[in-house]
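Have a look at structure.txt below; it lists compact mmCIF, C-alpha atoms.
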# COMPACT_ATOMS: atom_id res chain seq x y z
CA MET A 246 112.26 42.05 63.13
CA PRO A 247 116.04 41.99 62.72
CA ILE A 248 117.90 45.11 61.70
CA PHE A 249 118.91 44.99 58.04
CA THR A 250 122.59 45.72 57.53
CA VAL A 251 123.40 47.45 54.26
CA LYS A 252 126.25 45.70 52.47
CA SER A 253 128.99 48.28 52.36
CA TYR A 254 130.87 49.05 49.19
CA ASN A 255 133.74 51.35 50.00
CA MET A 256 134.40 54.34 47.80
CA PRO A 257 136.74 53.21 44.99
CA GLN A 258 140.29 54.43 45.31
CA TYR A 259 142.81 54.90 42.55
CA PRO A 260 143.58 52.82 40.45
CA ASN A 261 140.11 51.22 40.81
CA ARG A 262 138.41 54.58 40.38
CA GLN A 263 136.71 55.21 37.04
CA PHE A 264 137.13 58.49 35.17
CA LEU A 265 134.89 60.22 32.65
CA ASP A 266 136.38 61.86 29.56
CA PHE A 267 136.42 65.35 31.07
CA GLU A 268 138.00 63.96 34.26
CA THR A 269 141.12 62.84 32.33
CA PRO A 270 143.27 65.72 33.72
CA ILE A 271 142.58 64.39 37.23
CA LYS A 272 143.52 60.87 36.17
CA GLU A 273 146.80 62.19 34.75
CA LEU A 274 147.62 63.85 38.07
CA TYR A 275 147.02 60.53 39.87
CA GLU A 276 149.36 58.88 37.39
CA GLN A 277 152.00 61.50 38.21
CA ILE A 278 151.56 60.75 41.91
CA ASP A 279 152.06 57.03 41.20
CA ALA A 280 155.20 57.77 39.19
CA THR A 281 156.54 60.04 41.94
CA LYS A 282 155.95 57.38 44.60
CA LYS A 283 157.87 54.86 42.51
CA LEU A 284 160.74 57.32 42.21
CA ALA A 285 160.69 57.80 45.98
CA GLU A 286 161.00 54.03 46.45
CA LYS A 287 163.95 53.86 44.07
CA ASN A 288 165.63 56.96 45.57
CA PRO A 289 164.93 56.90 49.32
CA LYS A 290 167.50 59.63 49.94
CA ILE A 291 165.48 62.18 47.98
CA ASP A 292 162.47 63.78 49.68
CA TYR A 293 159.46 63.91 47.38
CA THR A 294 157.01 65.06 50.06
CA ASN A 295 156.54 68.57 48.69
CA THR A 296 156.06 67.26 45.16
CA LEU A 297 153.38 64.82 46.28
CA GLN A 298 151.65 67.50 48.31
CA GLN A 299 151.60 69.87 45.34
CA LEU A 300 150.13 67.17 43.12
CA GLU A 301 147.40 66.41 45.66
CA GLU A 302 146.57 70.12 45.87
CA SER A 303 146.46 70.23 42.08
CA ILE A 304 143.90 67.42 42.12
CA LEU A 305 141.64 69.45 44.42
CA GLU A 306 142.04 72.53 42.24
CA LYS A 307 141.32 70.54 39.08
CA ARG A 308 138.22 68.99 40.66
CA LYS A 309 136.97 72.48 41.53
CA GLU A 310 137.79 73.80 38.07
CA ILE A 311 136.01 70.96 36.27
CA THR A 312 132.90 71.22 38.46
CA SER A 313 132.56 74.96 37.90
CA ASN A 314 132.49 74.67 34.10
CA LEU A 315 130.24 71.68 33.42
CA THR A 316 127.88 71.58 30.45
CA PRO A 317 124.38 70.08 30.86
CA TRP A 318 125.54 66.89 29.12
CA GLN A 319 128.53 66.59 31.46
CA ARG A 320 126.19 66.88 34.45
CA VAL A 321 124.12 64.07 32.95
CA GLN A 322 127.31 62.01 32.71
CA LEU A 323 128.22 62.81 36.32
CA SER A 324 124.74 61.76 37.50
CA ARG A 325 125.45 58.36 35.93
CA HIS A 326 129.03 58.06 37.14
CA PRO A 327 129.77 54.38 37.94
CA ASP A 328 131.36 55.39 41.25
CA ARG A 329 128.50 57.67 42.29
CA PRO A 330 126.71 56.72 45.54
CA TYR A 331 123.24 55.24 45.15
CA THR A 332 120.25 55.07 47.48
CA LEU A 333 121.55 52.29 49.76
CA LYS A 334 124.88 54.08 50.12
CA TYR A 335 123.15 57.27 51.29
CA ILE A 336 121.02 55.22 53.69
CA GLU A 337 124.18 53.59 55.06
CA LYS A 338 125.96 56.92 55.51
CA MET A 339 123.00 58.97 56.81
CA CYS A 340 120.92 56.53 58.84
CA THR A 341 121.14 53.88 61.51
CA ASN A 342 118.98 50.83 62.27
CA PHE A 343 117.69 50.50 58.73
CA VAL A 344 115.04 47.78 58.41
CA GLU A 345 114.38 47.00 54.75
CA LEU A 346 110.81 46.02 53.93
CA HIS A 347 110.04 43.87 50.90
CA GLY A 348 107.20 43.21 48.48
CA ASP A 349 104.02 44.90 47.31
CA ARG A 350 101.75 42.20 48.84
CA ASN A 351 100.46 41.46 45.36
CA VAL A 352 103.04 40.31 42.77
CA LYS A 353 106.61 40.20 44.11
CA ASP A 354 109.48 42.19 45.57
CA ASP A 355 110.95 44.63 43.04
CA LYS A 356 114.70 44.92 43.68
CA ALA A 357 114.87 48.21 41.75
CA MET A 358 112.94 49.91 44.56
CA VAL A 359 114.25 49.70 48.12
CA GLY A 360 112.92 51.15 51.33
CA GLY A 361 112.17 50.71 54.98
CA PHE A 362 112.19 52.32 58.40
CA ALA A 363 115.44 53.86 59.64
CA GLN A 364 116.63 56.36 62.20
CA LEU A 365 117.92 59.76 61.14
CA ASP A 366 119.76 61.11 64.19
CA GLY A 367 117.34 59.27 66.46
CA GLU A 368 114.20 60.21 64.53
CA THR A 369 112.37 57.32 62.84
CA VAL A 370 111.69 57.92 59.15
CA MET A 371 110.53 55.92 56.17
CA ILE A 372 113.28 56.18 53.56
CA MET A 373 113.03 54.73 50.05
CA GLY A 374 114.38 55.10 46.55
CA GLN A 375 115.54 53.44 43.37
CA GLN A 376 118.72 51.34 43.54
CA LYS A 377 120.79 50.75 40.39
CA GLY A 378 123.43 48.32 41.63
CA VAL A 379 127.17 48.74 42.05
CA ASN A 380 128.42 46.11 39.58
CA THR A 381 127.15 44.27 36.51
CA LYS A 382 125.54 41.42 38.42
CA MET A 383 123.85 43.77 40.89
CA ARG A 384 122.67 46.08 38.10
CA GLN A 385 120.97 43.19 36.38
CA MET A 386 119.31 42.14 39.63
CA ARG A 387 118.20 45.73 40.28
CA ASN A 388 117.07 46.15 36.65
CA PHE A 389 119.34 49.21 36.41
CA GLY A 390 117.07 51.14 38.77
CA MET A 391 114.03 50.84 36.49
CA ALA A 392 111.13 49.79 38.69
CA ASN A 393 108.18 47.66 37.60
CA PRO A 394 104.62 48.41 38.78
CA GLU A 395 105.19 46.26 41.87
CA GLY A 396 108.09 48.54 42.79
CA TYR A 397 105.83 51.59 42.85
CA ARG A 398 103.14 49.63 44.67
CA LYS A 399 105.74 48.60 47.23
CA ALA A 400 106.71 52.24 47.65
CA LEU A 401 103.06 53.17 48.16
CA ARG A 402 102.64 50.40 50.74
CA LEU A 403 105.63 51.76 52.66
CA MET A 404 104.33 55.32 52.49
CA LYS A 405 100.94 54.22 53.81
CA LEU A 406 102.74 52.37 56.60
CA ALA A 407 104.64 55.54 57.46
CA GLU A 408 101.36 57.45 57.54
CA LYS A 409 99.84 54.84 59.87
CA PHE A 410 102.65 55.33 62.38
CA ASN A 411 102.97 59.09 61.73
CA LYS A 412 106.54 58.94 60.43
CA PRO A 413 107.96 61.28 57.76
CA VAL A 414 108.82 59.97 54.31
CA ILE A 415 112.11 60.54 52.48
CA ALA A 416 112.23 59.54 48.81
CA LEU A 417 115.56 59.36 46.96
CA ILE A 418 115.16 59.48 43.16
CA ASP A 419 117.73 57.92 40.84
CA THR A 420 116.27 56.23 37.77
CA PRO A 421 116.54 56.43 33.98
CA GLY A 422 112.79 55.81 33.99
CA ALA A 423 110.17 53.24 34.90
CA PHE A 424 110.70 49.87 33.21
CA PRO A 425 109.04 50.07 29.76
CA GLY A 426 108.68 46.32 29.13
CA LEU A 427 105.51 44.65 27.87
CA GLU A 428 105.04 42.76 31.14
CA ALA A 429 105.25 46.02 33.11
CA GLU A 430 102.53 47.55 30.94
CA GLU A 431 100.38 44.43 31.35
CA ARG A 432 100.60 44.78 35.14
CA GLY A 433 99.58 48.45 35.01
CA GLN A 434 102.74 50.59 35.00
CA GLY A 435 100.90 53.80 34.17
CA GLU A 436 98.19 53.17 36.75
CA ALA A 437 100.75 52.40 39.46
CA ILE A 438 102.61 55.67 38.86
CA ALA A 439 99.39 57.70 38.63
CA ARG A 440 98.10 56.11 41.84
CA ASN A 441 101.31 57.02 43.67
CA ILE A 442 101.08 60.65 42.53
CA TYR A 443 97.47 60.82 43.69
CA GLU A 444 98.16 59.20 47.06
CA MET A 445 101.33 61.20 47.76
CA MET A 446 99.37 64.42 47.27
CA ARG A 447 97.07 63.37 50.12
CA LEU A 448 99.58 61.72 52.45
CA LYS A 449 99.24 63.25 55.91
CA VAL A 450 102.91 62.99 56.93
CA PRO A 451 105.82 65.20 55.75
CA ILE A 452 107.44 64.10 52.47
CA VAL A 453 110.91 65.18 51.39
CA ILE A 454 111.99 64.34 47.84
CA VAL A 455 115.65 64.25 46.77
CA ILE A 456 116.98 63.77 43.24
CA ILE A 457 120.34 62.08 43.91
CA GLY A 458 121.13 61.02 40.34
CA GLU A 459 118.90 60.64 37.31
CA GLY A 460 115.34 61.89 37.51
CA ALA A 461 113.62 60.75 34.35
CA SER A 462 109.97 60.88 33.37
CA GLY A 463 107.23 59.03 35.25
CA GLY A 464 109.83 56.77 36.82
CA ALA A 465 110.86 59.74 38.94
CA LEU A 466 107.36 61.13 39.46
CA GLY A 467 106.18 57.80 40.86
CA ILE A 468 107.90 58.67 44.15
CA GLY A 469 108.42 62.37 43.39
CA VAL A 470 105.57 64.31 45.00
CA GLY A 471 106.38 65.97 48.31
CA ASP A 472 106.37 69.02 50.53
CA LYS A 473 109.93 69.91 49.58
CA THR A 474 111.99 68.76 46.62
CA LEU A 475 115.77 68.86 46.88
CA MET A 476 118.06 68.33 43.91
CA MET A 477 121.72 67.51 44.19
CA GLU A 478 124.10 69.69 42.24
CA ASN A 479 125.21 67.23 39.55
CA THR A 480 121.90 65.59 38.70
CA TRP A 481 119.17 66.00 36.11
CA TYR A 482 115.38 66.00 36.16
CA THR A 483 113.18 66.05 33.07
CA VAL A 484 110.56 64.18 31.06
CA ILE A 485 112.97 62.23 28.87
CA SER A 486 116.66 61.35 28.69
CA PRO A 487 118.82 63.38 26.27
CA GLU A 488 119.56 60.25 24.21
CA SER A 489 115.88 59.38 23.78
CA CYS A 490 115.02 62.99 22.99
CA SER A 491 117.76 63.05 20.35
CA SER A 492 116.58 59.79 18.81
CA ILE A 493 113.01 61.11 18.53
CA LEU A 494 113.81 64.56 17.16
CA TRP A 495 116.89 63.82 15.05
CA ARG A 496 116.60 60.03 14.55
CA SER A 497 120.05 59.66 16.08
CA TRP A 498 121.78 59.76 19.46
CA ASP A 499 124.47 62.05 18.03
CA LYS A 500 122.55 65.17 19.14
CA LYS A 501 122.33 64.13 22.79
CA GLU A 502 124.50 67.09 23.90
CA VAL A 503 122.18 69.50 22.08
CA ALA A 504 119.15 67.76 23.58
CA ALA A 505 120.62 68.06 27.07
CA GLU A 506 121.07 71.79 26.52
CA GLN A 507 117.57 72.31 25.13
CA LEU A 508 115.80 70.21 27.77
CA LYS A 509 116.97 72.58 30.55
CA LEU A 510 117.42 69.65 32.88
CA THR A 511 120.09 70.81 35.33
CA ALA A 512 119.53 71.71 38.98
CA ASN A 513 119.88 75.42 38.24
CA ASP A 514 117.29 75.18 35.46
CA MET A 515 114.86 73.27 37.66
CA LYS A 516 115.29 75.76 40.50
CA GLY A 517 114.69 78.61 38.08
CA PHE A 518 111.47 77.01 36.84
CA GLY A 519 110.28 76.50 40.41
CA LEU A 520 110.11 72.72 40.00
CA VAL A 521 112.58 72.06 42.82
CA ASP A 522 112.95 74.01 46.03
CA GLU A 523 116.64 73.74 46.87
CA ILE A 524 119.93 72.69 45.28
CA VAL A 525 122.12 70.48 47.46
CA PRO A 526 125.85 71.14 46.92
CA GLU A 527 128.20 68.22 46.37
CA PRO A 528 131.87 67.66 47.28
CA LEU A 529 134.42 69.11 44.86
CA GLY A 530 134.16 67.21 41.58
CA GLY A 531 130.93 65.44 42.50
CA ALA A 532 129.45 63.10 45.10
CA HIS A 533 131.57 60.20 43.83
CA TRP A 534 134.69 61.79 45.33
CA ASP A 535 133.56 61.65 48.96
CA TYR A 536 130.56 59.54 49.96
CA GLN A 537 130.57 60.63 53.59
CA GLU A 538 130.78 64.34 52.85
CA ALA A 539 128.03 64.06 50.24
CA ALA A 540 125.82 62.20 52.72
CA ASN A 541 126.53 64.69 55.51
CA ILE A 542 125.55 67.65 53.30
CA LEU A 543 122.38 65.91 52.15
CA LYS A 544 121.48 64.82 55.67
CA GLY A 545 121.64 68.39 56.91
CA CYS A 546 119.35 69.58 54.11
CA ILE A 547 116.84 66.78 54.77
CA GLN A 548 116.75 67.49 58.51
CA LYS A 549 116.18 71.17 57.82
CA ALA A 550 113.30 70.35 55.48
CA LEU A 551 111.70 67.92 57.95
CA ALA A 552 111.91 70.49 60.74
CA GLU A 553 110.12 72.99 58.51
CA PHE A 554 107.11 70.78 57.79
CA LYS A 555 106.64 68.35 60.67
CA THR A 556 105.21 70.99 63.03
CA LYS A 557 102.35 71.83 60.67
CA GLU A 558 98.88 70.35 60.93
CA PRO A 559 98.34 67.47 58.48
CA ALA A 560 95.43 69.21 56.73
CA ASP A 561 97.46 72.40 56.25
CA ARG A 562 100.42 70.39 54.98
CA VAL A 563 98.29 68.58 52.40
CA ASN A 564 96.66 71.82 51.21
CA GLU A 565 100.03 73.52 50.84
CA ARG A 566 101.37 70.54 48.91
CA ILE A 567 98.42 70.58 46.50
CA ASN A 568 98.70 74.34 46.00
CA LYS A 569 102.43 74.06 45.39
CA TYR A 570 101.97 71.66 42.48
CA CYS A 571 98.95 73.51 41.10
CA LYS A 572 101.06 76.67 40.76
CA MET A 573 103.85 74.99 38.79
CA GLY A 574 104.33 75.97 35.16
CA PHE A 575 104.28 79.12 33.04
CA TRP A 576 101.66 80.14 30.55
CA GLU A 577 100.25 83.16 28.74
CA GLU A 578 96.59 83.86 28.09
CA SER A 579 95.74 85.09 24.63
CA THR A 580 93.76 88.33 24.39
CA ILE A 581 92.11 87.19 21.18
What do you get writing this file as structure tokens?
Amino acid sequence: MPIFTVKSYNMPQYPNRQFLDFETPIKELYEQIDATKKLAEKNPKIDYTNTLQQLEESILEKRKEITSNLTPWQRVQLSRHPDRPYTLKYIEKMCTNFVELHGDRNVKDDKAMVGGFAQLDGETVMIMGQQKGVNTKMRQMRNFGMANPEGYRKALRLMKLAEKFNKPVIALIDTPGAFPGLEAEERGQGEAIARNIYEMMRLKVPIVIVIIGEGASGGALGIGVGDKTLMMENTWYTVISPESCSSILWRSWDKKEVAAEQLKLTANDMKGFGLVDEIVPEPLGGAHWDYQEAANILKGCIQKALAEFKTKEPADRVNERINKYCKMGFWEESTI
């Protein structure tokens, strides 16, 4: 089988870079750099090197400042940043010899779910995840990362294949949810997700889960059961998006910031609840500022997690996985 080459989309550079509202101060600094460079071209006798260097340092400081004071809603926005790396970008940056496998052997190939065998520093792994698409045309083809039942059945087929050849599984989660269309329900969306949860609990090989962007509802849980769950710094993970929560509770999207706060969906919240095991730091300002650095940090965390679990006996690994999920949650017993 030929090696599949991931089509590379380079990290956008200014002025093609997109900026969120709270990133405006960074955009203004880039504009000052542009203006200074134009001045340097008009006045070649004047040295603007120190000025440019100071502006570049200011950008780094501003990125650090913004990242350290993010609200839950701003982290949701960062997780959806148009320039943020998606599953195929992380595969490109972390792995070699990626062979993409297609289809669920039943209905069709779901483009919202991608996966296949790859090598992670020489070790063969099965790596998969949702893919949103990097432009309008690709997003439509990928259904904005919202998988149909055949996408989850494809993921299960790949996980079973990994189990057959005794290869660890890496699942990268980035979805606003499973596709809620009528045709998806007719083909058994709920059953497909439930089946995946059931089968992943019993899978005999190590499973590492990573939330790299949005982790919403059953769409995330469909490939979200593993021995260790990592969550990148500027991501979210909860049962419903802030906008949908706001529309249900307040009949309007205007309360989405309040919903984001109340849902406790950030990485720190999830770590505090014991629903994820480790928070993966991102480059200053977010993963969209440096794809390679973000991938290198994540790769190190994944390798550490794999080393922790791959030496265990399969039966012990499965029992520990089951016990881990059985212990999740907080409750109080009434004395009445």
- Give me the residues within 7 Å of Thr341 (chain A) as a PyMOL selection string, counting all atoms listed in the file and dropping any in the same chain fewer than 2 places off. chain A and resi 343+363-365
Can you tell me which residues surround region 435-438 of chain A at a distance of at most 7 Å, considering all atoms listed in the file, apart from same-chain residues fewer than 5 positions away, and format the answer as a compact mmCIF listing (two decimals) with C-alpha atoms, in the frame of the given file?
# COMPACT_ATOMS: atom_id res chain seq x y z
CA PRO A 394 104.62 48.41 38.78
CA TYR A 397 105.83 51.59 42.85
CA ARG A 398 103.14 49.63 44.67
CA GLY A 463 107.23 59.03 35.25
CA GLY A 467 106.18 57.80 40.86
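Residue nearest Leu403 (chain A) within the list A:Tyr570, A:Tyr536, A:Phe362, A:Trp481: A:Phe362 [criterion: smallest interatomic distance, only C-alpha atoms].
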- Task: Using all atoms listed in the file, determine which residues lie at most 6 Å from region 297-309 of chain A, disregarding the query and same-chain residues fewer than 5 positions distant; provide the list as an MDAnalysis selection string.
- Result: chainID A and resid 271 529:530
Only C-alpha atoms, please: the residues just picked out, written as a PDB file, keeping the file's coordinate frame.
ATOM      1  CA  ILE A 271     142.580  64.390  37.230  1.00  0.00           C
ATOM      2  CA  LEU A 529     134.420  69.110  44.860  1.00  0.00           C
ATOM      3  CA  GLY A 530     134.160  67.210  41.580  1.00  0.00           C
TER       4      GLY A 530
END
- Task: Between A:Phe554, A:Met445, A:Ala512, A:Val455, single out the one closest to Lys405 (chain A), counting all atoms listed in the file.
- Result: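 For Lys405 (chain A), the nearest of the given residues is A:Met445.
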- Which one of A:Pro413, A:Pro559, A:Gly396, A:Pro425 sits closest to Asn351 (chain A) if you count all atoms listed in the file?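 Using all atoms listed in the file, Asn351 (chain A) sits closest to A:Gly396.
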- Task: Please provide as a ChimeraX atom specification all residues within 10 Å of Glu553 (chain A), with the sequence filter that same-chain residues fewer than 5 positions apart are discarded (counting only C-alpha atoms).
- Result: /A:451,472-473,547-548
If you keep C-alpha atoms, can you produce a file of those selected residues as a PDB file, in the frame of the given file?
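Writing done, so here's selection-v2.pdb:
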ATOM      1  CA  PRO A 451     105.820  65.200  55.750  1.00  0.00           C
ATOM      2  CA  ASP A 472     106.370  69.020  50.530  1.00  0.00           C
ATOM      3  CA  LYS A 473     109.930  69.910  49.580  1.00  0.00           C
ATOM      4  CA  ILE A 547     116.840  66.780  54.770  1.00  0.00           C
ATOM      5  CA  GLN A 548     116.750  67.490  58.510  1.00  0.00           C
TER       6      GLN A 548
END
- Query: Any idea what's packed within 8 Å of Met391 (chain A), counting only C-alpha atoms, ignoring anything in its chain fewer than 3 positions away? Could you give it as a list in words?
  - Reply: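 Residues meeting the cut-off are Ala357, Gln375, Lys377, Arg387, Asn388, Thr420, Pro421, Gly422, Ala423, Phe424 and Gly464 of chain A.
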Starting from the incomplete input, reconstruct all heavy atoms of region 562-573 of chain A and write that as a PDB file, in the frame of the given file.
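Output below, filename out_2.pdb:
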ATOM      1  N   ARG A 562      99.299  70.905  55.763  1.00  0.00           N
ATOM      2  CA  ARG A 562     100.420  70.390  54.980  1.00  0.00           C
ATOM      3  C   ARG A 562      99.934  69.863  53.629  1.00  0.00           C
ATOM      4  O   ARG A 562     100.541  70.134  52.589  1.00  0.00           O
ATOM      5  CB  ARG A 562     101.127  69.288  55.769  1.00  0.00           C
ATOM      6  CG  ARG A 562     102.473  68.897  55.206  1.00  0.00           C
ATOM      7  CD  ARG A 562     103.321  68.207  56.255  1.00  0.00           C
ATOM      8  NE  ARG A 562     102.593  67.185  56.976  1.00  0.00           N
ATOM      9  CZ  ARG A 562     102.578  67.061  58.304  1.00  0.00           C
ATOM     10  NH1 ARG A 562     103.258  67.898  59.054  1.00  0.00           N
ATOM     11  NH2 ARG A 562     101.908  66.087  58.889  1.00  0.00           N
ATOM     12  N   VAL A 563      98.834  69.128  53.646  1.00  0.00           N
ATOM     13  CA  VAL A 563      98.290  68.580  52.400  1.00  0.00           C
ATOM     14  C   VAL A 563      97.830  69.702  51.472  1.00  0.00           C
ATOM     15  O   VAL A 563      98.103  69.686  50.260  1.00  0.00           O
ATOM     16  CB  VAL A 563      97.128  67.607  52.699  1.00  0.00           C
ATOM     17  CG1 VAL A 563      96.404  67.221  51.409  1.00  0.00           C
ATOM     18  CG2 VAL A 563      97.661  66.363  53.399  1.00  0.00           C
ATOM     19  N   ASN A 564      97.141  70.698  52.023  1.00  0.00           N
ATOM     20  CA  ASN A 564      96.660  71.820  51.210  1.00  0.00           C
ATOM     21  C   ASN A 564      97.820  72.590  50.587  1.00  0.00           C
ATOM     22  O   ASN A 564      97.772  72.983  49.410  1.00  0.00           O
ATOM     23  CB  ASN A 564      95.798  72.751  52.045  1.00  0.00           C
ATOM     24  CG  ASN A 564      94.430  72.168  52.350  1.00  0.00           C
ATOM     25  OD1 ASN A 564      93.910  71.361  51.574  1.00  0.00           O
ATOM     26  ND2 ASN A 564      93.835  72.561  53.467  1.00  0.00           N
ATOM     27  N   GLU A 565      98.857  72.819  51.367  1.00  0.00           N
ATOM     28  CA  GLU A 565     100.030  73.520  50.840  1.00  0.00           C
ATOM     29  C   GLU A 565     100.708  72.714  49.740  1.00  0.00           C
ATOM     30  O   GLU A 565     101.180  73.274  48.741  1.00  0.00           O
ATOM     31  CB  GLU A 565     101.025  73.797  51.977  1.00  0.00           C
ATOM     32  CG  GLU A 565     100.589  74.893  52.927  1.00  0.00           C
ATOM     33  CD  GLU A 565     101.615  75.154  54.009  1.00  0.00           C
ATOM     34  OE1 GLU A 565     102.775  74.724  53.845  1.00  0.00           O
ATOM     35  OE2 GLU A 565     101.258  75.784  55.029  1.00  0.00           O
ATOM     36  N   ARG A 566     100.753  71.406  49.919  1.00  0.00           N
ATOM     37  CA  ARG A 566     101.370  70.540  48.910  1.00  0.00           C
ATOM     38  C   ARG A 566     100.585  70.600  47.604  1.00  0.00           C
ATOM     39  O   ARG A 566     101.162  70.733  46.528  1.00  0.00           O
ATOM     40  CB  ARG A 566     101.427  69.104  49.447  1.00  0.00           C
ATOM     41  CG  ARG A 566     102.270  68.158  48.611  1.00  0.00           C
ATOM     42  CD  ARG A 566     102.166  66.748  49.188  1.00  0.00           C
ATOM     43  NE  ARG A 566     102.548  66.699  50.596  1.00  0.00           N
ATOM     44  CZ  ARG A 566     102.059  65.844  51.476  1.00  0.00           C
ATOM     45  NH1 ARG A 566     101.153  64.944  51.109  1.00  0.00           N
ATOM     46  NH2 ARG A 566     102.461  65.857  52.740  1.00  0.00           N
ATOM     47  N   ILE A 567      99.269  70.516  47.700  1.00  0.00           N
ATOM     48  CA  ILE A 567      98.420  70.580  46.500  1.00  0.00           C
ATOM     49  C   ILE A 567      98.587  71.919  45.802  1.00  0.00           C
ATOM     50  O   ILE A 567      98.749  71.992  44.575  1.00  0.00           O
ATOM     51  CB  ILE A 567      96.955  70.310  46.873  1.00  0.00           C
ATOM     52  CG1 ILE A 567      96.770  68.857  47.332  1.00  0.00           C
ATOM     53  CG2 ILE A 567      96.031  70.609  45.687  1.00  0.00           C
ATOM     54  CD1 ILE A 567      95.402  68.557  47.906  1.00  0.00           C
ATOM     55  N   ASN A 568      98.557  73.006  46.579  1.00  0.00           N
ATOM     56  CA  ASN A 568      98.700  74.340  46.000  1.00  0.00           C
ATOM     57  C   ASN A 568     100.056  74.527  45.339  1.00  0.00           C
ATOM     58  O   ASN A 568     100.169  75.178  44.293  1.00  0.00           O
ATOM     59  CB  ASN A 568      98.489  75.411  47.071  1.00  0.00           C
ATOM     60  CG  ASN A 568      97.055  75.488  47.546  1.00  0.00           C
ATOM     61  OD1 ASN A 568      96.138  75.149  46.797  1.00  0.00           O
ATOM     62  ND2 ASN A 568      96.848  75.923  48.780  1.00  0.00           N
ATOM     63  N   LYS A 569     101.068  73.951  45.950  1.00  0.00           N
ATOM     64  CA  LYS A 569     102.430  74.060  45.390  1.00  0.00           C
ATOM     65  C   LYS A 569     102.481  73.477  43.985  1.00  0.00           C
ATOM     66  O   LYS A 569     103.027  74.103  43.062  1.00  0.00           O
ATOM     67  CB  LYS A 569     103.410  73.312  46.310  1.00  0.00           C
ATOM     68  CG  LYS A 569     104.806  73.139  45.729  1.00  0.00           C
ATOM     69  CD  LYS A 569     105.649  72.228  46.606  1.00  0.00           C
ATOM     70  CE  LYS A 569     106.970  71.923  45.951  1.00  0.00           C
ATOM     71  NZ  LYS A 569     107.801  70.999  46.744  1.00  0.00           N
ATOM     72  N   TYR A 570     101.911  72.300  43.791  1.00  0.00           N
ATOM     73  CA  TYR A 570     101.970  71.660  42.480  1.00  0.00           C
ATOM     74  C   TYR A 570     100.998  72.285  41.484  1.00  0.00           C
ATOM     75  O   TYR A 570     101.250  72.287  40.278  1.00  0.00           O
ATOM     76  CB  TYR A 570     101.733  70.150  42.611  1.00  0.00           C
ATOM     77  CG  TYR A 570     102.960  69.436  43.108  1.00  0.00           C
ATOM     78  CD1 TYR A 570     103.204  69.298  44.478  1.00  0.00           C
ATOM     79  CD2 TYR A 570     103.912  68.938  42.232  1.00  0.00           C
ATOM     80  CE1 TYR A 570     104.354  68.674  44.948  1.00  0.00           C
ATOM     81  CE2 TYR A 570     105.060  68.312  42.684  1.00  0.00           C
ATOM     82  CZ  TYR A 570     105.277  68.191  44.051  1.00  0.00           C
ATOM     83  OH  TYR A 570     106.418  67.581  44.512  1.00  0.00           O
ATOM     84  N   CYS A 571      99.900  72.841  41.987  1.00  0.00           N
ATOM     85  CA  CYS A 571      98.950  73.510  41.100  1.00  0.00           C
ATOM     86  C   CYS A 571      99.544  74.800  40.506  1.00  0.00           C
ATOM     87  O   CYS A 571      99.156  75.216  39.406  1.00  0.00           O
ATOM     88  CB  CYS A 571      97.663  73.843  41.837  1.00  0.00           C
ATOM     89  SG  CYS A 571      96.615  72.410  42.156  1.00  0.00           S
ATOM     90  N   LYS A 572     100.471  75.410  41.215  1.00  0.00           N
ATOM     91  CA  LYS A 572     101.060  76.670  40.760  1.00  0.00           C
ATOM     92  C   LYS A 572     102.241  76.465  39.815  1.00  0.00           C
ATOM     93  O   LYS A 572     102.768  77.433  39.263  1.00  0.00           O
ATOM     94  CB  LYS A 572     101.519  77.495  41.966  1.00  0.00           C
ATOM     95  CG  LYS A 572     100.386  78.036  42.815  1.00  0.00           C
ATOM     96  CD  LYS A 572     100.916  78.780  44.031  1.00  0.00           C
ATOM     97  CE  LYS A 572      99.791  79.297  44.902  1.00  0.00           C
ATOM     98  NZ  LYS A 572     100.311  79.966  46.136  1.00  0.00           N
ATOM     99  N   MET A 573     102.685  75.231  39.636  1.00  0.00           N
ATOM    100  CA  MET A 573     103.850  74.990  38.790  1.00  0.00           C
ATOM    101  C   MET A 573     103.519  75.231  37.323  1.00  0.00           C
ATOM    102  O   MET A 573     102.419  74.939  36.854  1.00  0.00           O
ATOM    103  CB  MET A 573     104.351  73.547  38.962  1.00  0.00           C
ATOM    104  CG  MET A 573     105.070  73.306  40.264  1.00  0.00           C
ATOM    105  SD  MET A 573     105.694  71.623  40.361  1.00  0.00           S
ATOM    106  CE  MET A 573     106.516  71.671  41.947  1.00  0.00           C
TER     107      MET A 573
END
